[in-house]
Every structure is written in structure tokens, then in C-alpha cells.
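J.: Just dropping this structure here.
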Amino acid sequence: MHIDLRTVAIEPQRNTFDHLVRRFGDKPASRYQEGSYDIQATENLHYTPTWDPEQALYDTSITKIVLKDWYVLKDPRQFYYNTYTLTRARQQDTAESNFSFVESRGLGEMLPEELKSIALNVLIPLRHAAWGANMNNSFICGYGYGTVFTQACMYQAMDQLGIAQYLSRLGLLLGDTEALNAGKAAWLTGPAWQALRHYVEDCLVVRDPFELFVAQNVALDGLLYPLVYERIVDGFLSSKGGSAVAMLTQFMNDWFDETRKWVDAVMRTAAAESDQNREVLQAWTQKWSSRAAIALRPVVELALGTQAEETVSEEVASFNARMKKIGIDL
Amino acid sequence: MDTQVTKKKLGLKERYKLLTRDLGWETTFHTKDEVYPYVKYEGIKINDWDKWEDPFRLTMDAYWKYQAEKERKFYAIIDAHAQNNGHLNLTDARYLTAIKMFLQAISPGEYAASKGFARMGREFGGVGTQVACQMQALDEIRHAQTQIHAISNYNKYYNGFHAFSDSRDRIWYTSVPRSFFDDAMSAGPFEFMIAIGFSFEYVLTNLLFVPFMSGAAFNGDMATVTFGFSAQSDEARHMTLGLECIKFMLEQDPGNLPIVQRWIDKWFWRGMRILSLVGAMMDYMLPKRVMSWKEAFDIYGVENGGALFNDLARYGIKPPKGWDVAAGAIEHMSHQLFLGLYQWSFGTAFHGWIPSDDDMEWLSAKYPTTFDKYYRPRWEHIKKLEAEGTPFKNYGLAKLCQTCQLPTVFTEPGDPTMMCHRETEYKGEKYHFCSDGCQEIFEHEPEKYLQAWLPMPALFSELNGDIGAWMDWVGLKNGVDNGDYVGSQDQINFDKWRGMATSNKQS
Amino acid sequence: MSNVFIALQANEETRPIIEAIVMDNPQAVVKREPAMVKIDAPGRMVIHKETIEGLVGRAFDLQEMHIHLITLSGNVDETDNSLTLTWNN
């Protein structure tokens, strides 16, 4: 028997789940709200961790940042798994056609040798820095509190893995496995890279999830992406005829534009909650961003030489302006 | 990956290595112990992380592409399901009991697994392992969210779903899965992998998802079939990760064997206890049944688990210690648990009911040596009490096992007429257990399990035994979410709406 | 010898994959269950990219299987050209 179910008008008994009614009022909830709010356990945790009996399984006190309700850290992109994955899949389509375009037209081979080697020297060691960012965001997701904050960190972690993989593909395309080997050697022992590697390794031992957020997503990314992808790749390399490289790093530019808005929202909200938070965030941002600027200068020099100092200063100034807008005075 | 972009022809494995584990390096500004502080204390020795074999080799670009395709399909189906009143296609609204339990008990576990794997994705010492764990962390967020989204539409029309976020931390029976996941997350990284990656994913999720989802398909629940099978497509990767991880530990150092074996014993038993809920779902809650719990266990437990443990025998691994006891209890566990759920249905955010005559015929055909002998007489007695107007209800509090937190409703191995109950005295306190397996788990780590939050004593200590206040606290609406299915709002509404759909009757 | 198995969603896209498995693994047994197809084989099962490509008439990436996979059992070995499931007993 065929039942035409659409013709039946029946009344819903309720709009949404109780916890969402309490937060947002008695109305239908969005999928972002359903998938993000109050889905982490909060009370009656059964056991303390054997790996650190001093902390609880989900613990707000392992960071210096204090929030009455961690679910205030809403992601302005409203990414939940579905919207995140679909967005990245679309960007991946573009990246894939860019790689094909560069490869099928032999644009890699047509790059002047000098530009190609600058591109490889600057970009390939960064795949290791991206892995560090991946680890750090996996940490923040794992130990941070509240799904609206932590899920976005997992997406960030996987994005950084994706970026490390795009950089690796770029290396393979322009310089084969030798380029990856040379990049790794430079990362491990090349003088231009040691300060940055030191920074990344220091991040790997930070165990306050919010400080790590500042060190990685605010300070390091906040300077590295504009310097490397805007100033060196899109600016310097493209102006010299190396725009093929910019095609291969388009993902990174688009990604930084998008994720910066989320990072700013997190910082703005946390700083706005209390003077104490603001002071902690300012101190962290100051400490890590000044280190990041110093660590990035020799990297920028690889491409811009004597222009590096000025370029870094400019980007530090615009980073400071960006921070000022969200309530962090440096 | 779509395009071959390399000049040297790299095989999948070599290429994947370059795109994952080659990203890491030996840190020099900090020691390994500082960067990975938790990998040693459990006693597992890893001599060479590079020996890790990547199970599936998905790079992020491929991950985004294929997962997006799954997501598009999934949301298209659940949108259509909601728009077309797909819930009226169900065989019967009592079927939703299984889905209520799923949302209350399993979906929060998916989320806990996501957090756990995010931690492991950071704590393990090799990039291959890290990346595999991170991908699983991402998948598990997906599972929690797709489940909530699929079930959201049922919540709009039926009771028992609305307070899942409150009941997760407070109601008595959700502390069964909650304590399971809390147990795994409070363990070190290697034990976590055995608990979730191996026991839960490899040995048990087949039993949780596959027959259960076939059951959903049989009962007209397209929303659940869709999230179930869509989640399972990720589980295939997770199971493979679990298996690789266990082989890796065993291959790394002979000293790891006894530690791993003890974890297998422990987590198999904890998993079987959770699965008793699935057994009750399959044998009692599906109006139209696809296979019995016992049949599912024969295929996915005995046959598949047997193959697995035969395979691991070359490392010296023996089948889990409680295997025979578990296999012997298969004929009983679903009946014992559903009888328990029926008598305590005043305290559950789902309905109980007495199986119909047809249901009992089916059960006796599927359990020829046990159902008629032990369980039919009890149901007949309960039916008689119901007919006489004195329904059999237990308003007392269930005694919960200190380890698995199920009520102690199970019987002695080999004697289905005798309730099984164990006690251990530790530091002057008595602790109660449902089985030898749970008692042994406690005795191995008493300091851990004495911390367990037991919901029943909490009712007294925090709410002075006030049942009404307790119901408010756990989000249970008395007379709406709980009690007997017959005469419930869910039954009345479903029948009315179906009537409207199949005839010209006006509401 | 223990069975390895793979279960796929029952839909149009998996039809040629199942057909390919049956062609390449003569001992495979196909069971059709609600909404899914489960294929068992004693000890070993190989899924060849080439066979599937012959049936679908286009390039097929074995990782496309992830979209339709429900579960599997056995040790997995994945290469560009094949996916193999084995039990070593």
C-alpha cells in the first residue's frame, strides 16, 4: 500500500532539545547548534586520568583563561563537520585543478631556476612547521573545553595537515623527492630555520590549551601566513614571473583569510569576558608574537634579502593593529 | 589523489609516507620525553615508531573529497525523511525505544571517542599513528553530529529524546556507557587504543552497527540506516587502525604481550556488558526483527572474533579471558536485561512493554533451549499481574555493579536460575559486582574504580531520595517519557498520525 | 580457514564492485541483507582496480570504496591497484 505521507499535517510536539531551548529559546535549532552545544560531558565524571591525576577528564582549570561558559566561543563560520568538510572539498577541487593546470602546462619547468629555488627554499621546510601546527591544534581540541571551541581546533589541525601535504606536493612537483629531502635538512640544521624550529618545538611542550592557541593560531600563523604567502609568494615571486607558485598555494591564502576570522572571534570573546583574561592574553600574545617575528625574519630573508627587516616590521605593525581591533593591546 | 603530480612514479605507500610521517623530525630543543610525556608510563615499549604500518592511506585531499560525498548523501536523505514525515513509515513507534537508547547512550560515547582520539593524535610518538588517530577524532565528531541530526526530527514528534544532554551525565543507565568511555579516556594512550580502537571498534562495533542498522532498515527507519551505514563506512578505517595498533604493540617488544593481553581481557568484558543493551534492542525493541542477538553474535562475535584471535595467536595472544562465559551468556543476557528494564521503566526515558504472543513465539524459536524454560514463564506471570491490574513494577533501586554500572540482573555462569553477585572489600568498604569479570577489573585497579560515580547513591546523597526531584534533575518527564508503551503518548500519537495518513480520518 | 569479509551498501555504485569481487575471488559467497551486501571468502580476498574499471568503463580509484564500505574483516593491504584482505590462519 502506498501512503502519501506528505499530505498528512501533524503537529510537532516540541521544537528542539531541552538544552538548546535553555540556551536559545523555544524555537527550532540550527544544525550547528544541535551538533555543537552541550554535547561534551560536564559532570559526574567517573575517574581521574591516570596520566595526570591532578586534572579532571574535562577540565577548565588547566588553562589560565577563565570563562563562565565555554560555549561563548562560537565559531563565526558555524562549522560543524558537514559544513567544514563541504567547504574544504570545494577548495580541494580548486587546488586540484590548480595543480593539474601547473603540471599539464609544464609551468613548473618554465619557472626561472632562481625563483624556483627560492620557492623551494622558503616553502618546503614549512611543511614541518605545518605538522607542528597540526599537533598543537590536536592538543587544543583534545584538552580544551566545550565543543564550539574544540571542534574548530580539530578542523584547524586537519587543515594544517592538508597544508603540509599541499606543500609536500608542491615540492614533489617542482623538485621531486630531492626537494623534500633538502627542505627537511634545512629545517633540521639550516641556520635560517633554527629559530622557527625552536619556536615550534617550544609549542610542543606548552600544555595550557589556550596559551597554545595564542602561540600557534594567533601569533605564529598571524605573522607567517601574511609574510610567506602574501608577501613572498603572491608579492615577490609573482612579480618576478613566478605566479605558478601562487596557484599552488592559493589554498593557504584563502584558508588564512577564513580562519583568521575565527581566531579573532575566539580572542575577542575571551578578552572581553574579564580584565584578567585580557591581561593574560596580552602577555601571551606579546611574548609569542615578538618571538615569532624574530624567528621568521631569517626565513623571509631567504627570499627578500635586505628587504626582510622592513617587511617583517610592516607585518608586525599590521598584526598589532589587527590585535588592537579585537581588544589586545600590544 | 586525482592527479599524479610526481616525476618519479611513487607508489601509494611511498607517497603516503612522504605526505605523513616524513613531516615529523627528532626534536632537539626538547627531549622526546618532554614532547610525548605519556607514552612510557603504561609499560609498553616502542623501539621504532617507523615500523608502524599505515592502515588506510587517505591524504587530506582525498579525505575531504570522499567524506563530502558521504555527507551530501546523508543530509539529502535525512532532509527528505523530515520533509516527508518519514517517521510514519516506521513499523511501530515502539521501535523508537532503541533509537532513544542510542541517542542517550551511544552518541555521547562517539563524542567522547572524538576527544580521546584528538588527545592520542597528539600523544603518540609517531606521525603515522598521530595522523590515523586525528582522522578518527574528526570522524567521531561526525558520528556524534550525524546521529543527533538524524534523530532530531524524531525528537520533534516523540518523547524520550529531548533531554539527552542532561541524562548523559545524570540518569542511571547512561552511566554504563559513560563509565566505559571515561575509563578509556582516563587510561594511557596505549590502553585507550586497545579499549576503543581495538575492542570497541574491531571486536564490537560490527555487533553494534551492522545487525542493528539492518534492523532499522527492516523497520522503515531510513534516517538511522543512513547515519548507521554512513558511520560504518568510517568504522572500516577505524577497525583497521585498531588492528594495526595491536599488531604494532605486539611486534615492538615481547614484554608488551602480557600488558596487551590483560587489556584485551578487560575491554572485551567491558564491551560485552555494554552490548547487553544492544542485545535487548535486537531481541525486544525491533517490532520487525532481522536476526536475533544470538545470531548476530554467531556471525560477528564467534566467527569474526574467532578469526581475529586465531590470527593474533602467532603473537601469543589468547582469546579474551571472559570469552567462554560471554558466549555461554548469549542465550540469556538480552532476556535478563529487558526484564530488568521493564520493571524499572518508571526510571527510564524510554518505554517498556510486555512482549506480544507473536514476539514470544519468535523468541522461543530463536532461543529454543532457554526462552520457554526460563523467560516465558516470567513474562506470563508479569502478563497475569498486568491483567489483574497490579502490574509488576520495581520502584526500588537497582543495585549497580561498581565496574560496568549495569544493575546486577545477570545470572551465574552455568546456572540461569541463580543471580550472580560478587563482593570485594577494599579499605573497609564493600563493593558490588555483577560478574567475575567486573570484579577482576576492579581488583586490578581498585583506586580507579572506587572513584566511579554511582547514580543510585547520588539520588540519596544529593536529592534525599525524592524521586520527583530526581526526575527533574535528569530531565525525565513522568508519565510522558517513561513507563509502559501501551497507552503512552508516543503510541497514541503514532497511531493517530498513521490513521490520518492511511485514511480520511481527521484528527 | 577463517573467513575474511567485506560489506558494502546495496546501491548502484557498488553493483560493479561486488561483481568484480565475485569475478576475482571464485570462492567468495555473496549474502544480500537489508540495505547491504556482505561477501565472505575463506582466508583471502583481493579487490582489483582493473576489474572494476573494466566493468564501470572509467578510471576507478580504489579509495572510492570508502564511500560505500560498511565493514570488513581481515588484515588490510592497500596498494594503487588492489585491496587485499587476509587472515594468516
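Convention: chains lettered A, B, ... in C-alpha cells order; per-chain residue numbering from 1; ligands numbered from 1 as shown.
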Could you name the residues that touch segment 153-157 of chain B at 6 Å or less, counting only C-alpha atoms, but leaving out those on the same chain fewer than 6 positions away, as a PyMOL selection string?

T.: chain A and resi 12-15

J.: Please identify every residue of chain B that has at least one atom no more than 9 Å from any atom of chain C, counting only C-alpha atoms, and report them as a short mmCIF file (atom, residue, chain, number, x, y, z; two decimals) with N, CA and C atoms, in the first residue's frame.

T.:
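To be explicit, this is the file written out as selection14.cif:
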data_model
loop_
_atom_site.label_atom_id
_atom_site.label_comp_id
_atom_site.auth_asym_id
_atom_site.auth_seq_id
_atom_site.Cartn_x
_atom_site.Cartn_y
_atom_site.Cartn_z
N MET B 1 44.31 10.38 -4.56
CA MET B 1 44.59 11.65 -5.20
C MET B 1 44.32 11.57 -6.69
N ASP B 2 43.78 12.62 -7.25
CA ASP B 2 43.32 12.56 -8.62
C ASP B 2 44.46 12.58 -9.64
N GLY B 11 54.73 4.89 -5.52
CA GLY B 11 53.58 4.05 -5.18
C GLY B 11 52.79 4.69 -4.05
N LEU B 12 51.59 4.17 -3.86
CA LEU B 12 50.71 4.72 -2.84
C LEU B 12 51.38 4.78 -1.47
N LYS B 13 52.05 3.68 -1.12
CA LYS B 13 52.64 3.60 0.22
C LYS B 13 53.77 4.60 0.40
N PRO B 55 47.35 1.89 8.05
CA PRO B 55 46.28 1.01 7.58
C PRO B 55 45.68 1.49 6.26
N PHE B 56 44.87 2.52 6.30
CA PHE B 56 44.39 3.09 5.04
C PHE B 56 45.17 4.36 4.81
N ARG B 57 45.41 4.68 3.57
CA ARG B 57 46.30 5.80 3.30
C ARG B 57 45.54 6.94 2.66
N LEU B 58 44.76 7.58 3.47
CA LEU B 58 43.99 8.72 2.97
C LEU B 58 44.74 10.00 3.28
N ALA B 62 42.00 13.64 -0.35
CA ALA B 62 41.08 12.54 -0.63
C ALA B 62 40.03 12.42 0.49
N TYR B 66 36.04 12.45 -0.39
CA TYR B 66 35.13 11.32 -0.19
C TYR B 66 34.16 11.56 0.96
N GLN B 67 34.65 12.20 2.00
CA GLN B 67 33.75 12.45 3.13
C GLN B 67 32.65 13.44 2.72
N GLU B 69 31.32 13.68 -0.13
CA GLU B 69 30.33 12.93 -0.90
C GLU B 69 29.39 12.16 0.03
N LYS B 70 29.96 11.54 1.05
CA LYS B 70 29.11 10.84 2.03
C LYS B 70 28.17 11.81 2.72
N TYR B 202 36.99 -2.85 16.69
CA TYR B 202 37.19 -4.05 15.88
C TYR B 202 36.31 -5.21 16.32
N ASN B 206 30.90 -3.97 14.94
CA ASN B 206 30.13 -4.75 13.98
C ASN B 206 28.82 -5.22 14.60
N VAL B 210 26.07 -3.19 12.55
CA VAL B 210 25.64 -3.86 11.33
C VAL B 210 24.26 -4.52 11.47
N MET B 213 21.61 -1.82 12.24
CA MET B 213 21.20 -0.98 11.12
C MET B 213 20.35 -1.75 10.13
N SER B 214 20.67 -3.02 9.97
CA SER B 214 19.77 -3.84 9.14
C SER B 214 18.39 -3.85 9.78
N GLY B 215 18.36 -3.90 11.10
CA GLY B 215 17.09 -3.86 11.82
C GLY B 215 16.35 -2.55 11.56
N ALA B 217 16.62 -0.74 8.90
CA ALA B 217 16.12 -0.81 7.52
C ALA B 217 14.83 -1.64 7.48
N PHE B 218 14.82 -2.72 8.20
CA PHE B 218 13.65 -3.60 8.27
C PHE B 218 12.44 -2.89 8.86
N VAL B 225 19.24 4.13 9.35
CA VAL B 225 20.03 3.33 8.40
C VAL B 225 21.10 4.21 7.78
N GLY B 228 23.75 5.17 10.27
CA GLY B 228 24.48 3.96 10.67
C GLY B 228 25.46 3.50 9.61
N PHE B 229 24.97 3.38 8.40
CA PHE B 229 25.86 2.88 7.35
C PHE B 229 26.89 3.94 6.98
N SER B 230 26.49 5.19 7.06
CA SER B 230 27.44 6.24 6.74
C SER B 230 28.56 6.27 7.78
N ALA B 231 28.19 6.05 9.04
CA ALA B 231 29.22 5.99 10.09
C ALA B 231 30.07 4.75 9.90
N GLN B 232 29.43 3.63 9.55
CA GLN B 232 30.19 2.39 9.39
C GLN B 232 31.26 2.52 8.32
N SER B 233 30.98 3.33 7.30
CA SER B 233 31.98 3.45 6.24
C SER B 233 33.27 4.06 6.81
N ASP B 234 33.15 4.82 7.90
CA ASP B 234 34.36 5.30 8.57
C ASP B 234 34.91 4.22 9.50
N GLU B 235 34.01 3.44 10.07
CA GLU B 235 34.45 2.42 11.03
C GLU B 235 35.41 1.42 10.39
N ALA B 236 35.21 1.17 9.10
CA ALA B 236 36.11 0.23 8.44
C ALA B 236 37.56 0.71 8.59
N ARG B 237 37.75 2.03 8.47
CA ARG B 237 39.09 2.59 8.70
C ARG B 237 39.49 2.46 10.16
N MET B 239 38.48 0.31 12.44
CA MET B 239 38.76 -1.07 12.84
C MET B 239 40.16 -1.45 12.39
N THR B 240 40.48 -1.04 11.18
CA THR B 240 41.79 -1.38 10.66
C THR B 240 42.88 -0.71 11.48
N LEU B 243 43.31 -2.73 14.67
CA LEU B 243 44.05 -3.98 14.45
C LEU B 243 45.53 -3.70 14.22
N GLU B 244 45.82 -2.66 13.43
CA GLU B 244 47.23 -2.32 13.19
C GLU B 244 47.93 -1.95 14.49
N VAL B 290 15.31 -8.60 12.40
CA VAL B 290 16.11 -9.03 11.26
C VAL B 290 16.90 -10.28 11.62
N GLU B 303 32.29 -15.99 14.82
CA GLU B 303 33.02 -16.27 13.59
C GLU B 303 34.12 -15.23 13.34
N ASN B 304 33.74 -13.97 13.41
CA ASN B 304 34.71 -12.92 13.11
C ASN B 304 35.73 -12.75 14.24
N GLY B 306 36.55 -15.00 16.37
CA GLY B 306 37.37 -16.21 16.35
C GLY B 306 38.49 -16.10 15.33
N ALA B 307 38.14 -15.63 14.14
CA ALA B 307 39.15 -15.46 13.08
C ALA B 307 40.24 -14.50 13.54
N LEU B 308 39.80 -13.41 14.17
CA LEU B 308 40.74 -12.41 14.64
C LEU B 308 41.71 -12.99 15.67
N ASN B 310 42.41 -16.11 16.25
CA ASN B 310 43.30 -17.11 15.63
C ASN B 310 44.48 -16.43 14.97
N ASP B 311 44.18 -15.31 14.32
CA ASP B 311 45.23 -14.58 13.62
C ASP B 311 46.26 -14.02 14.60
N LEU B 312 45.78 -13.56 15.74
CA LEU B 312 46.69 -12.96 16.71
C LEU B 312 47.43 -14.00 17.54
N ARG B 314 49.57 -15.98 16.68
CA ARG B 314 51.01 -16.04 16.35
C ARG B 314 51.84 -15.11 17.20
#

J.: Quick one: pull the distance between atom CA of Arg273 of chain B and atom CA of Tyr449 of chain B, Å, one decimal.

T.: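 We find that atom CA of Arg273 of chain B and atom CA of Tyr449 of chain B lie 16.0 Å from each other.
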
J.: If the cut-off is 6 Å, can you tell me the residues of chain A near chain B, counting only C-alpha atoms? I'd like them as number ranges by chain.

T.: A: 5-6, 8, 12-15, 17-18, 35, 43, 46-47, 49-51, 81, 85-86, 89, 128, 135, 138-139, 142, 162, 165, 172-173, 204-205

J.: Just the number, please: distance in Å from atom CA of Phe210 of chain A to atom CA of Glu279 of chain A, one decimal.

T.: 13.4 Å

J.: Pull the alpha helix (DSSP H) assignments for segment 163-232 of chain A out of DSSP run on the backbone, and list those residues as an mmCIF file with N, CA and C atoms, in the first residue's frame.

T.:
data_model
loop_
_atom_site.group_PDB
_atom_site.id
_atom_site.type_symbol
_atom_site.label_atom_id
_atom_site.label_comp_id
_atom_site.auth_asym_id
_atom_site.auth_seq_id
_atom_site.Cartn_x
_atom_site.Cartn_y
_atom_site.Cartn_z
ATOM 1 N N ILE A 163 47.666 21.372 4.614
ATOM 2 C CA ILE A 163 48.647 22.359 4.126
ATOM 3 C C ILE A 163 50.035 21.710 4.024
ATOM 4 N N ALA A 164 50.399 20.932 5.037
ATOM 5 C CA ALA A 164 51.683 20.223 4.974
ATOM 6 C C ALA A 164 51.720 19.315 3.740
ATOM 7 N N GLN A 165 50.581 18.732 3.412
ATOM 8 C CA GLN A 165 50.544 17.826 2.260
ATOM 9 C C GLN A 165 50.552 18.586 0.939
ATOM 10 N N TYR A 166 49.864 19.730 0.892
ATOM 11 C CA TYR A 166 49.966 20.551 -0.323
ATOM 12 C C TYR A 166 51.401 21.027 -0.535
ATOM 13 N N LEU A 167 52.064 21.429 0.545
ATOM 14 C CA LEU A 167 53.456 21.880 0.411
ATOM 15 C C LEU A 167 54.345 20.735 -0.059
ATOM 16 N N SER A 168 54.061 19.530 0.446
ATOM 17 C CA SER A 168 54.844 18.372 0.004
ATOM 18 C C SER A 168 54.615 18.102 -1.478
ATOM 19 N N ARG A 169 53.374 18.226 -1.897
ATOM 20 C CA ARG A 169 53.079 18.004 -3.323
ATOM 21 C C ARG A 169 53.750 19.071 -4.186
ATOM 22 N N LEU A 170 53.738 20.278 -3.658
ATOM 23 C CA LEU A 170 54.413 21.361 -4.380
ATOM 24 C C LEU A 170 55.902 21.016 -4.531
ATOM 25 N N GLY A 171 56.494 20.513 -3.469
ATOM 26 C CA GLY A 171 57.905 20.125 -3.521
ATOM 27 C C GLY A 171 58.134 19.015 -4.535
ATOM 28 N N LEU A 172 57.258 18.020 -4.512
ATOM 29 C CA LEU A 172 57.415 16.907 -5.454
ATOM 30 C C LEU A 172 57.257 17.392 -6.889
ATOM 31 N N LEU A 173 56.335 18.304 -7.098
ATOM 32 C CA LEU A 173 56.074 18.804 -8.447
ATOM 33 C C LEU A 173 57.246 19.640 -8.970
ATOM 34 N N LEU A 174 57.791 20.499 -8.124
ATOM 35 C CA LEU A 174 58.839 21.403 -8.597
ATOM 36 C C LEU A 174 60.245 20.836 -8.429
ATOM 37 N N GLY A 175 60.399 19.894 -7.515
ATOM 38 C CA GLY A 175 61.774 19.467 -7.265
ATOM 39 C C GLY A 175 61.915 18.009 -6.864
ATOM 40 N N ASP A 176 60.837 17.256 -7.040
ATOM 41 C CA ASP A 176 60.875 15.823 -6.758
ATOM 42 C C ASP A 176 61.246 15.522 -5.295
ATOM 43 N N THR A 177 61.528 14.265 -5.009
ATOM 44 C CA THR A 177 61.800 13.907 -3.613
ATOM 45 C C THR A 177 63.050 14.608 -3.074
ATOM 46 N N GLU A 178 63.961 14.975 -3.973
ATOM 47 C CA GLU A 178 65.158 15.687 -3.518
ATOM 48 C C GLU A 178 64.781 16.991 -2.833
ATOM 49 N N ALA A 179 63.740 17.636 -3.350
ATOM 50 C CA ALA A 179 63.325 18.918 -2.753
ATOM 51 C C ALA A 179 62.844 18.693 -1.327
ATOM 52 N N LEU A 180 62.132 17.587 -1.104
ATOM 53 C CA LEU A 180 61.651 17.311 0.247
ATOM 54 C C LEU A 180 62.828 17.006 1.172
ATOM 55 N N ASN A 181 63.780 16.246 0.657
ATOM 56 C CA ASN A 181 64.949 15.930 1.488
ATOM 57 C C ASN A 181 65.740 17.186 1.842
ATOM 58 N N ALA A 182 65.933 18.033 0.832
ATOM 59 C CA ALA A 182 66.691 19.263 1.091
ATOM 60 C C ALA A 182 65.944 20.153 2.086
ATOM 61 N N GLY A 183 64.635 20.205 1.940
ATOM 62 C CA GLY A 183 63.830 21.027 2.844
ATOM 63 C C GLY A 183 63.914 20.526 4.272
ATOM 64 N N LYS A 184 63.919 19.215 4.418
ATOM 65 C CA LYS A 184 63.994 18.662 5.765
ATOM 66 C C LYS A 184 65.367 18.936 6.383
ATOM 67 N N ALA A 185 66.415 18.799 5.555
ATOM 68 C CA ALA A 185 67.765 19.075 6.054
ATOM 69 C C ALA A 185 67.867 20.537 6.501
ATOM 70 N N ALA A 186 67.283 21.434 5.699
ATOM 71 C CA ALA A 186 67.324 22.856 6.070
ATOM 72 C C ALA A 186 66.574 23.089 7.381
ATOM 73 N N TRP A 187 65.432 22.454 7.504
ATOM 74 C CA TRP A 187 64.626 22.590 8.724
ATOM 75 C C TRP A 187 65.423 22.119 9.947
ATOM 76 N N LEU A 188 66.165 21.036 9.768
ATOM 77 C CA LEU A 188 66.872 20.454 10.913
ATOM 78 C C LEU A 188 68.165 21.189 11.246
ATOM 79 N N THR A 189 68.878 21.674 10.205
ATOM 80 C CA THR A 189 70.184 22.266 10.508
ATOM 81 C C THR A 189 70.437 23.619 9.840
ATOM 82 N N GLN A 194 66.459 27.606 12.338
ATOM 83 C CA GLN A 194 66.554 27.077 13.703
ATOM 84 C C GLN A 194 65.693 27.836 14.717
ATOM 85 N N ALA A 195 65.595 29.139 14.536
ATOM 86 C CA ALA A 195 64.773 29.903 15.491
ATOM 87 C C ALA A 195 63.301 29.499 15.364
ATOM 88 N N LEU A 196 62.880 29.310 14.113
ATOM 89 C CA LEU A 196 61.483 28.894 13.916
ATOM 90 C C LEU A 196 61.254 27.486 14.465
ATOM 91 N N ARG A 197 62.207 26.595 14.208
ATOM 92 C CA ARG A 197 62.054 25.229 14.712
ATOM 93 C C ARG A 197 62.033 25.242 16.240
ATOM 94 N N HIS A 198 62.868 26.099 16.811
ATOM 95 C CA HIS A 198 62.882 26.219 18.268
ATOM 96 C C HIS A 198 61.504 26.662 18.774
ATOM 97 N N TYR A 199 60.925 27.626 18.070
ATOM 98 C CA TYR A 199 59.586 28.126 18.425
ATOM 99 C C TYR A 199 58.572 26.975 18.383
ATOM 100 N N VAL A 200 58.612 26.225 17.274
ATOM 101 C CA VAL A 200 57.631 25.141 17.104
ATOM 102 C C VAL A 200 57.842 24.075 18.181
ATOM 103 N N GLU A 201 59.078 23.738 18.457
ATOM 104 C CA GLU A 201 59.325 22.715 19.489
ATOM 105 C C GLU A 201 58.916 23.217 20.872
ATOM 106 N N ASP A 202 59.116 24.495 21.116
ATOM 107 C CA ASP A 202 58.651 25.032 22.404
ATOM 108 C C ASP A 202 57.131 24.934 22.527
ATOM 109 N N CYS A 203 56.456 25.134 21.426
ATOM 110 C CA CYS A 203 54.991 24.974 21.451
ATOM 111 C C CYS A 203 54.590 23.549 21.804
ATOM 112 N N PRO A 209 46.038 24.744 27.011
ATOM 113 C CA PRO A 209 45.484 24.759 25.642
ATOM 114 C C PRO A 209 45.262 26.159 25.079
ATOM 115 N N PHE A 210 44.903 27.102 25.945
ATOM 116 C CA PHE A 210 44.634 28.435 25.403
ATOM 117 C C PHE A 210 45.928 29.178 25.094
ATOM 118 N N GLU A 211 46.946 28.957 25.892
ATOM 119 C CA GLU A 211 48.227 29.583 25.551
ATOM 120 C C GLU A 211 48.742 29.028 24.223
ATOM 121 N N LEU A 212 48.533 27.737 24.043
ATOM 122 C CA LEU A 212 48.969 27.127 22.789
ATOM 123 C C LEU A 212 48.197 27.703 21.601
ATOM 124 N N PHE A 213 46.918 27.969 21.830
ATOM 125 C CA PHE A 213 46.099 28.605 20.795
ATOM 126 C C PHE A 213 46.716 29.949 20.392
ATOM 127 N N ASP A 221 50.869 31.822 13.183
ATOM 128 C CA ASP A 221 50.133 31.884 11.913
ATOM 129 C C ASP A 221 49.866 33.330 11.508
ATOM 130 N N GLY A 222 49.608 34.166 12.516
ATOM 131 C CA GLY A 222 49.258 35.564 12.243
ATOM 132 C C GLY A 222 50.377 36.327 11.558
ATOM 133 N N LEU A 223 51.610 35.872 11.737
ATOM 134 C CA LEU A 223 52.720 36.516 11.026
ATOM 135 C C LEU A 223 53.206 35.688 9.844
ATOM 136 N N LEU A 224 53.225 34.371 10.025
ATOM 137 C CA LEU A 224 53.780 33.510 8.980
ATOM 138 C C LEU A 224 52.967 33.578 7.682
ATOM 139 N N TYR A 225 51.661 33.495 7.789
ATOM 140 C CA TYR A 225 50.860 33.438 6.553
ATOM 141 C C TYR A 225 50.944 34.729 5.743
#

J.: Could you jot down the atom CA of Gln286 of chain A to atom CA of Ala219 of chain A separation for me, Å, one decimal place?

T.: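 Separation between atom CA of Gln286 of chain A and atom CA of Ala219 of chain A: 8.5 Å.
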
J.: Give me the residues near His48 of chain C as a short mmCIF file (atom, residue, chain, number, x, y, z; two decimals) with C-alpha atoms, in the first residue's frame, where near means some atom within 9 Å (using only C-alpha atoms) and where sequence neighbours in that chain fewer than 5 positions away do not count.

T.:
data_model
loop_
_atom_site.label_atom_id
_atom_site.label_comp_id
_atom_site.auth_asym_id
_atom_site.auth_seq_id
_atom_site.Cartn_x
_atom_site.Cartn_y
_atom_site.Cartn_z
CA ALA C 20 34.36 -7.59 -9.67
CA ILE C 21 34.95 -9.23 -6.30
CA ASP C 24 38.32 -12.25 -8.93
CA GLU C 53 37.42 -0.35 -14.23
CA LEU C 62 40.04 2.14 -5.04
CA ASN C 81 45.99 -1.42 -7.85
CA SER C 82 44.41 -3.67 -5.28
CA LEU C 83 42.96 -4.02 -1.84
CA THR C 84 43.65 -7.35 -0.13
#

J.: Could you pull out the strand (DSSP E) residues of chain C, going by DSSP on the backbone, and write them as a ChimeraX atom specification?

T.: /C:3-9,29-33,36-42,44-48,69-73,75-78,82-86

J.: Please provide the set of residues having any atom within 9 Å of Tyr374 of chain B, restricted to only C-alpha atoms, with same-chain residues fewer than 6 positions apart removed, written as a list in words.

T.: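 Here the qualifying residues turn out to be His332, Pro416 and Thr417 of chain B.
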
J.: Gln405 of chain B: which residues within 8 Å, counting only C-alpha atoms, same-chain residues fewer than 2 positions away excluded, as a list in words?

T.: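 In the requested form, the answer reads Tyr173, Ser175, Val176, Ser179, Leu400, Cys401, Gln402, Thr403, Pro407 and Leu454 of chain B.
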
J.: With distances taken over only C-alpha atoms, which of A:Asp52, A:Asp329, A:Asp26, A:Glu11 is nearest to Arg207 of chain A?

T.: A:Asp52
